[in-house]
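Next comes entry.csv, with CSV, C-alpha atoms.
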chain,number,residue,atom,x,y,z
A,28,MET,CA,28.3,13.1,56.4
A,29,THR,CA,27.5,13.4,52.7
A,30,GLY,CA,23.9,12.3,53.3
A,31,VAL,CA,23.5,14.9,56.1
A,32,ARG,CA,25.0,17.6,53.9
A,33,ARG,CA,22.6,16.8,51.1
A,34,ARG,CA,19.7,16.7,53.5
A,35,ASP,CA,20.6,20.1,54.8
A,36,GLU,CA,21.1,21.5,51.3
A,37,ARG,CA,17.6,20.3,50.4
A,38,ARG,CA,16.1,21.9,53.4
A,39,ILE,CA,17.8,25.2,52.9
A,40,ARG,CA,16.8,25.2,49.2
A,41,THR,CA,13.2,24.5,50.2
A,42,LEU,CA,13.1,27.3,52.8
A,43,SER,CA,14.8,29.8,50.4
A,44,GLU,CA,12.1,29.1,47.8
A,45,THR,CA,9.2,30.0,50.1
A,46,GLU,CA,7.7,33.5,50.3
A,47,LEU,CA,8.1,33.6,54.0
A,48,PHE,CA,11.9,32.9,54.1
A,49,GLY,CA,12.9,33.6,50.5
A,50,ARG,CA,14.5,37.0,51.2
A,51,LEU,CA,17.1,35.6,53.7
A,52,SER,CA,20.5,34.1,52.9
A,53,PRO,CA,21.4,30.5,53.4
A,54,ALA,CA,23.6,31.6,56.4
A,55,GLU,CA,20.6,33.3,58.0
A,56,LEU,CA,18.4,30.3,57.4
A,57,ALA,CA,20.9,27.8,58.8
A,58,PRO,CA,19.7,28.0,62.4
A,59,LEU,CA,16.3,26.7,61.3
A,60,LEU,CA,18.0,23.5,60.2
A,61,GLU,CA,18.4,22.5,63.8
A,62,ARG,CA,14.8,23.1,64.6
A,63,CYS,CA,13.0,21.5,61.7
A,64,ARG,CA,12.2,17.9,60.9
A,65,GLU,CA,10.9,16.1,57.9
A,66,VAL,CA,7.6,14.3,57.9
A,67,ARG,CA,6.1,12.2,55.1
A,68,PHE,CA,2.4,11.7,54.3
A,69,GLU,CA,0.7,9.3,52.0
A,70,PRO,CA,-2.3,10.3,49.9
A,71,GLY,CA,-5.3,10.7,52.2
A,72,ASP,CA,-3.3,11.1,55.3
A,73,LEU,CA,-4.4,13.9,57.7
A,74,VAL,CA,-1.7,16.4,58.5
A,75,PHE,CA,-3.9,18.0,61.2
A,76,SER,CA,-7.6,18.7,61.9
A,77,ALA,CA,-9.5,22.0,62.3
A,78,GLY,CA,-9.7,23.1,65.9
A,79,GLU,CA,-6.5,21.3,67.1
A,80,PRO,CA,-4.0,23.4,69.0
A,81,SER,CA,-1.4,24.8,66.6
A,82,ARG,CA,1.9,23.2,66.9
A,83,GLY,CA,3.9,24.9,64.2
A,84,LEU,CA,4.5,25.7,60.5
A,85,PHE,CA,4.6,23.2,57.6
A,86,VAL,CA,6.6,23.8,54.5
A,87,VAL,CA,5.9,21.6,51.4
A,88,MET,CA,9.1,20.0,50.1
A,89,SER,CA,7.3,17.8,47.5
A,90,GLY,CA,3.8,16.7,46.8
A,91,ARG,CA,0.5,18.5,47.4
A,92,THR,CA,-1.8,19.2,50.3
A,93,ARG,CA,-5.4,20.4,50.6
A,94,ALA,CA,-7.0,22.6,53.3
A,95,PHE,CA,-10.7,22.1,53.9
A,96,ARG,CA,-13.6,22.5,56.3
A,97,HIS,CA,-16.8,20.6,56.8
A,98,GLY,CA,-20.1,22.4,57.1
A,99,SER,CA,-22.9,21.6,59.5
A,100,ASP,CA,-24.5,19.6,56.7
A,101,GLY,CA,-21.4,17.5,56.3
A,102,ARG,CA,-20.5,19.0,52.9
A,103,GLU,CA,-16.8,19.7,52.4
A,104,GLN,CA,-15.5,23.1,51.4
A,105,ILE,CA,-12.0,23.3,50.0
A,106,ILE,CA,-10.1,26.3,51.2
A,107,HIS,CA,-6.9,26.1,49.2
A,108,GLU,CA,-4.3,23.7,47.9
A,109,ASP,CA,-0.6,23.9,48.4
A,110,GLY,CA,2.4,22.6,46.4
A,111,PRO,CA,6.2,22.8,46.7
A,112,SER,CA,7.5,25.8,48.5
A,113,ALA,CA,4.2,26.7,50.1
A,114,THR,CA,3.9,27.3,53.9
A,115,PHE,CA,0.8,26.7,56.1
A,116,PRO,CA,-0.9,27.6,58.4
A,117,GLU,CA,0.6,31.0,59.1
A,118,VAL,CA,-2.5,32.4,60.9
A,119,ALA,CA,-2.4,29.7,63.6
A,120,VAL,CA,1.3,30.2,64.1
A,121,PHE,CA,1.1,33.9,64.7
A,122,ASP,CA,-2.3,34.4,66.5
A,123,ASP,CA,-2.0,31.5,69.0
A,124,GLY,CA,-5.3,30.1,67.9
A,125,PRO,CA,-6.1,26.6,66.8
A,126,TYR,CA,-5.7,25.3,63.3
A,127,PRO,CA,-8.4,27.0,61.2
A,128,SER,CA,-8.9,24.1,58.8
A,129,SER,CA,-8.1,20.5,58.3
A,130,VAL,CA,-5.2,19.6,55.9
A,131,VAL,CA,-4.8,16.3,54.0
A,132,ALA,CA,-2.2,15.1,51.7
A,133,VAL,CA,-3.4,14.9,48.1
A,134,GLU,CA,-0.3,13.1,46.8
A,135,VAL,CA,2.7,11.5,48.5
A,136,SER,CA,4.0,14.6,50.3
A,137,GLU,CA,7.2,15.4,52.1
A,138,LEU,CA,6.9,18.4,54.5
A,139,LEU,CA,9.2,20.3,56.8
A,140,PHE,CA,7.8,21.0,60.2
A,141,LEU,CA,9.0,24.0,62.3
A,142,PRO,CA,7.7,24.5,65.9
A,143,LYS,CA,5.6,27.6,66.4
A,144,ASP,CA,7.8,29.2,69.0
A,145,GLU,CA,10.9,28.8,66.8
A,146,VAL,CA,9.2,30.5,63.8
A,147,ARG,CA,8.0,33.4,65.9
A,148,GLN,CA,11.5,33.9,67.5
A,149,PHE,CA,13.1,33.7,64.1
A,150,CYS,CA,10.8,36.5,62.8
A,151,VAL,CA,11.7,38.6,65.9
A,152,ASN,CA,15.4,38.1,65.0
A,153,HIS,CA,15.0,38.7,61.3
A,154,PRO,CA,12.7,41.6,60.4
A,155,ALA,CA,12.7,40.6,56.7
A,156,ALA,CA,10.9,37.4,57.7
A,157,ALA,CA,8.4,39.3,59.8
A,158,LEU,CA,7.6,41.6,56.9
A,159,ALA,CA,7.3,38.6,54.6
A,160,ALA,CA,4.9,37.1,57.1
A,161,LEU,CA,2.8,40.3,57.0
A,162,ARG,CA,2.7,40.2,53.1
A,163,LEU,CA,1.8,36.5,53.2
A,164,LEU,CA,-1.0,37.0,55.7
A,165,SER,CA,-2.3,40.0,53.7
A,166,THR,CA,-2.4,37.8,50.6
A,167,ARG,CA,-4.3,35.1,52.5
A,168,LEU,CA,-6.8,37.7,53.6
A,169,ARG,CA,-7.3,39.0,50.1
A,170,ARG,CA,-7.9,35.4,48.9
A,171,THR,CA,-10.5,34.8,51.6
A,172,THR,CA,-12.2,38.1,50.8
A,173,ARG,CA,-12.4,37.1,47.1
A,174,MET,CA,-13.9,33.7,48.1
A,175,VAL,CA,-16.5,35.3,50.3
A,176,GLU,CA,-17.3,37.8,47.6
A,177,GLY,CA,-17.7,35.0,45.1
A,178,PHE,CA,-20.1,33.1,47.2
A,179,ALA,CA,-22.2,36.2,48.0
A,180,LEU,CA,-22.2,38.0,44.7
A,181,ARG,CA,-21.7,35.5,41.8
A,182,ASN,CA,-23.6,32.5,40.7
A,183,VAL,CA,-22.1,29.0,40.4
A,184,SER,CA,-21.4,29.3,36.7
A,185,GLN,CA,-19.5,32.5,37.3
A,186,ARG,CA,-17.5,30.8,40.0
A,187,ILE,CA,-16.7,27.9,37.7
A,188,GLY,CA,-15.5,30.4,35.1
A,189,GLU,CA,-13.1,31.9,37.7
A,190,TYR,CA,-11.9,28.4,38.6
A,191,LEU,CA,-11.1,27.7,34.9
A,192,LEU,CA,-9.2,31.0,34.6
A,193,ASN,CA,-7.2,30.2,37.8
A,194,GLN,CA,-6.3,26.8,36.4
A,195,ALA,CA,-5.0,28.5,33.2
A,196,ARG,CA,-3.0,31.0,35.2
A,197,GLU,CA,-1.5,28.4,37.5
A,198,ARG,CA,-0.1,26.6,34.4
A,199,SER,CA,1.4,29.8,32.9
A,200,ALA,CA,4.4,30.0,35.2
A,201,GLY,CA,4.6,33.7,34.4
A,202,GLY,CA,4.4,33.1,30.6
A,203,GLU,CA,1.6,32.9,28.1
A,204,LEU,CA,-1.6,31.5,29.5
A,205,PRO,CA,-2.5,28.1,28.2
A,206,MET,CA,-5.9,28.1,26.5
A,207,GLU,CA,-6.1,24.3,26.6
A,208,PHE,CA,-5.3,22.1,29.6
A,209,THR,CA,-6.4,19.1,31.7
A,210,LEU,CA,-8.4,19.9,34.8
A,211,ALA,CA,-6.6,19.1,38.0
A,212,HIS,CA,-9.8,18.2,39.8
A,213,THR,CA,-12.8,16.0,39.5
A,214,ASN,CA,-16.3,17.6,39.3
A,215,GLN,CA,-16.8,16.7,43.0
A,216,GLU,CA,-13.6,18.5,44.0
A,217,ILE,CA,-14.5,21.5,41.9
A,218,ALA,CA,-17.9,21.5,43.7
A,219,ASP,CA,-16.1,21.5,47.0
A,220,SER,CA,-14.0,24.4,45.9
A,221,VAL,CA,-16.8,26.7,44.7
A,222,GLY,CA,-19.4,25.8,47.3
A,223,THR,CA,-22.0,23.7,45.4
A,224,VAL,CA,-22.7,20.1,44.4
A,225,ARG,CA,-21.4,18.0,41.6
A,226,GLU,CA,-24.6,18.1,39.5
A,227,VAL,CA,-24.6,21.9,39.5
A,228,VAL,CA,-21.0,21.9,38.3
A,229,SER,CA,-21.9,19.7,35.4
A,230,ARG,CA,-24.8,22.0,34.4
A,231,SER,CA,-22.5,25.0,34.7
A,232,PHE,CA,-20.0,23.5,32.3
A,233,THR,CA,-22.8,22.8,29.9
A,234,LYS,CA,-23.9,26.4,30.1
A,235,LEU,CA,-20.3,27.7,29.5
A,236,GLN,CA,-20.1,25.5,26.4
A,237,GLN,CA,-23.5,26.7,25.2
A,238,PHE,CA,-22.2,30.3,25.5
A,239,GLY,CA,-19.3,29.2,23.2
A,240,TRP,CA,-16.6,30.2,25.6
A,241,VAL,CA,-15.4,26.8,26.7
A,242,ALA,CA,-15.1,23.4,25.0
A,243,LYS,CA,-14.8,20.4,27.3
A,244,THR,CA,-14.2,16.7,26.6
A,245,GLY,CA,-13.8,14.6,29.8
A,246,ARG,CA,-11.3,16.6,31.9
A,247,ARG,CA,-9.7,18.3,28.9
A,248,VAL,CA,-10.8,21.9,28.6
A,249,ARG,CA,-10.2,24.6,26.0
A,250,ILE,CA,-11.0,28.3,26.7
A,251,GLN,CA,-12.3,29.6,23.4
A,252,ASN,CA,-13.2,33.1,24.4
A,253,TYR,CA,-10.9,34.3,27.3
A,254,ALA,CA,-12.2,37.9,27.4
A,255,ALA,CA,-15.8,36.9,27.6
A,256,LEU,CA,-15.2,34.2,30.3
A,257,GLU,CA,-13.1,36.7,32.3
A,258,GLY,CA,-15.9,39.3,32.2
A,259,TYR,CA,-18.5,36.7,33.2
A,260,ALA,CA,-16.3,35.4,36.1
A,261,GLN,CA,-16.0,39.0,37.4
A,262,GLY,CA,-19.7,39.4,37.6
A,263,GLU,CA,-21.0,40.4,34.1
A,264,ASP,CA,-24.4,38.8,33.6
A,265,TYR,CA,-25.1,36.9,30.3
A,266,ASP,CA,-27.9,34.8,31.5
Is it possible to express this structure as structure tokens?
Amino acid sequence: MTGVRRRDERRIRTLSETELFGRLSPAELAPLLERCREVRFEPGDLVFSAGEPSRGLFVVMSGRTRAFRHGSDGREQIIHEDGPSATFPEVAVFDDGPYPSSVVAVEVSELLFLPKDEVRQFCVNHPAAALAALRLLSTRLRRTTRMVEGFALRNVSQRIGEYLLNQARERSAGGELPMEFTLAHTNQEIADSVGTVREVVSRSFTKLQQFGWVAKTGRRVRIQNYAALEGYAQGEDYD
């Protein structure tokens, strides 16, 4: 019984830390415990593929996952990455469509799985969760809009600048931004994120260093002029 209690406590804690369910009390979340199950994925394991019928919602308990699509030329485009307390894919849960992207485990990952119908009924019964879903979907839409805008209106070096700023922000945890950090991704992974190829990423890093805004040794990066890099990433042209 102790093991079951600890398992349930962990599941409740995971759900309460998500944006989707975080405004609900443990008592309100308790019914979901009977509906969810834990699944484990090793690095490189496919969680699901783009185009498959949506079965339900995943919640990251530990580890990290990556959503991606392949273009007609076979090139991979990373859509987003998710760590602990993230949920995905909300769109497919609520619109009855197939999974919009493929998702793979980047690290050993433990996920909670909630069947689609259970999530939808829970939102009907708990308006706070329904409103949270709307906020979350709106956030996803804004992120997609920024991605499309970046591809259409900014060059690769500007998109690399935005990537570096996002890396710094992710490490801030609401505090002061770190000006020096280790990149979480290889040049190939960065290329897959910003819609280019590895060689162009390397040239873009060289350009940012020539501007004097960034210093880079291996995967260790230091932002030397945050304001200039931010302006460039937002579309200011220094070329």
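Using all atoms listed in the file for every distance, the candidate list A:Asp122, A:Glu79, A:Glu176, A:Glu197 yields A:Glu197 as the residue closest to A:Gly110.
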Tell me, as an mmCIF file with C-alpha atoms, keeping the file's coordinate frame, which residues lie within 8 Å of A:Phe75, counting all atoms listed in the file; anything in the same chain fewer than 5 positions away does not count.
data_model
loop_
_atom_site.group_PDB
_atom_site.id
_atom_site.type_symbol
_atom_site.label_atom_id
_atom_site.label_comp_id
_atom_site.auth_asym_id
_atom_site.auth_seq_id
_atom_site.Cartn_x
_atom_site.Cartn_y
_atom_site.Cartn_z
ATOM 1 C CA TYR A 126 -5.700 25.300 63.300
ATOM 2 C CA SER A 129 -8.100 20.500 58.300
ATOM 3 C CA VAL A 130 -5.200 19.600 55.900
ATOM 4 C CA VAL A 131 -4.800 16.300 54.000
#
What gap, in Å, lies between atom CA of A:Ser184 and atom CA of A:Ala211? 18.0 Å
Neighbour list for A:Val87 as an MDAnalysis selection string, cut-off 6 Å, all atoms listed in the file, skip fewer than 2 positions in-chain: chainID A and resid 89 111:113 138
Considering all atoms listed in the file, return as a count of residues only whatever protein or nucleic-acid residues lie within 9 Å of A:Gln215, sequence-local ones (same chain, fewer than 5 positions apart) excluded. 5
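Pairwise distance (atom CA of A:Glu203, atom CA of A:Ile105) equals 27.5 Å.
Distance check against A:Arg37 using only C-alpha atoms: of A:Leu235, A:Met88, A:Leu56, A:Val133, the minimum falls on A:Met88.
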With distances taken over all atoms listed in the file, the candidate from A:Val120, A:Leu141, A:Gly98, A:Ser81 nearest A:Arg64 is A:Leu141
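Considering all atoms listed in the file, the residue among A:Leu139, A:Pro127, A:Gly90, A:Arg102 positioned nearest to A:Arg38 is A:Leu139.
Among the candidates A:Ala94, A:Arg34, A:Leu42, A:Glu117, the residue lying nearest to A:Ser165 is A:Glu117 (atoms considered: all atoms listed in the file).
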Could you list as a PyMOL selection string every residue that has an atom within 12 Å of (-4.6, 24.8, 58.2), using the file's coordinates and counting all atoms listed in the file? chain A and resi 73-86+92-96+105-109+114-120+124-132+167
